[in-house]
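Asker: Dumping the structure here so I can ask a few things about it.
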Amino acid sequence: MNLVQIKSQTQSSGEPLIEYLVYGYFFPDEYGDGLHDWELVLTTSNNHRALKKAERLYEQKKYQKIEVKKRVTDPHHNRTTGTTIKIYETNPEREIGIVPLIILGAICCIFAFLAGHYIWPL
């Protein structure tokens with residue numbers, strides 16, 4: 001059963017319609033042609049499928065940020081509500097490994113020892 005059939009069946013029965021939307025945010029482009037914005041990648045009624053698609057897109061690093069949203073349309077009350085379920089974000093500035101931190105700590109310890117031993121001797 002596809003999404004259009006589910007919508008028509010839901011609207012006739014008065015039950016809320018639940019959709020899962022996967023959005024991807026493009027990497028900022030270098031050339032300034034304006035092609036960096038949110039893109040709707042997938043609309044489905046299956047949350048497992050939406051989460052798997054988002055995870056695959058994140059692993060492919062096609063988008064800088066990927067959001068999975070749940071949209072509930074209630075025809076009885078004539079309203080729609082949306083909730084963000086999961087966010088995948090690729091941010092190279094935050095990805096600092098443990099090795100550079102250990103090296104930085106060792107350098108600080110060496111400078112502290114040298115400053116204590118040669119600059120302020122007892």
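Following the order of the structure tokens, first chain is A, next is B, and so on, with residues numbered from 1 inside each chain and ligands from 1 in the order they appear.
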I want to know what sits within 7 Å of Pro16 of chain A, based on only C-alpha atoms, with residues of the same chain fewer than 5 positions away left out; could you give that as a PyMOL selection string?

Answerer: chain A and resi 10+72-75

Asker: With a distance cut-off of 8 Å and only C-alpha atoms, select the neighbouring residues of Thr43 of chain A, excluding the residue or stretch itself and same-chain residues fewer than 2 positions from it, and output the selection as an mmCIF file with N, CA and C atoms, in the first residue's frame.

Answerer:
data_model
loop_
_atom_site.group_PDB
_atom_site.id
_atom_site.type_symbol
_atom_site.label_atom_id
_atom_site.label_comp_id
_atom_site.auth_asym_id
_atom_site.auth_seq_id
_atom_site.Cartn_x
_atom_site.Cartn_y
_atom_site.Cartn_z
ATOM 1 N N GLU A 19 3.496 10.182 9.077
ATOM 2 C CA GLU A 19 4.504 10.146 8.025
ATOM 3 C C GLU A 19 5.870 10.389 8.641
ATOM 4 N N TYR A 20 6.881 9.791 8.037
ATOM 5 C CA TYR A 20 8.260 10.017 8.449
ATOM 6 C C TYR A 20 8.984 10.657 7.273
ATOM 7 N N LEU A 21 9.607 11.790 7.536
ATOM 8 C CA LEU A 21 10.271 12.570 6.496
ATOM 9 C C LEU A 21 11.763 12.598 6.769
ATOM 10 N N VAL A 22 12.563 12.393 5.742
ATOM 11 C CA VAL A 22 14.018 12.462 5.860
ATOM 12 C C VAL A 22 14.474 13.662 5.042
ATOM 13 N N LEU A 40 14.167 17.464 0.731
ATOM 14 C CA LEU A 40 13.369 16.327 1.172
ATOM 15 C C LEU A 40 13.841 15.101 0.398
ATOM 16 N N VAL A 41 14.365 14.109 1.121
ATOM 17 C CA VAL A 41 14.939 12.930 0.497
ATOM 18 C C VAL A 41 13.925 11.796 0.427
ATOM 19 N N SER A 45 5.727 5.925 5.449
ATOM 20 C CA SER A 45 4.917 5.668 6.636
ATOM 21 C C SER A 45 5.611 4.682 7.567
ATOM 22 N N ALA A 50 12.743 4.920 7.268
ATOM 23 C CA ALA A 50 13.249 6.295 7.302
ATOM 24 C C ALA A 50 14.569 6.381 8.061
#

Asker: Between atom CA of Trp38 of chain A and atom CA of Tyr23 of chain A, what is the distance, to one decimal in Å?

Answerer: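 One can read the atom CA of Trp38 of chain A to atom CA of Tyr23 of chain A distance as 6.4 Å.
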
Asker: Taking only C-alpha atoms into account, name the residue in A:Thr44, A:Thr84, A:Asn78, A:Thr90 that is nearest to Lys62 of chain A.

Answerer: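 Of the candidates, the smallest distance to Lys62 of chain A is held by A:Thr90.
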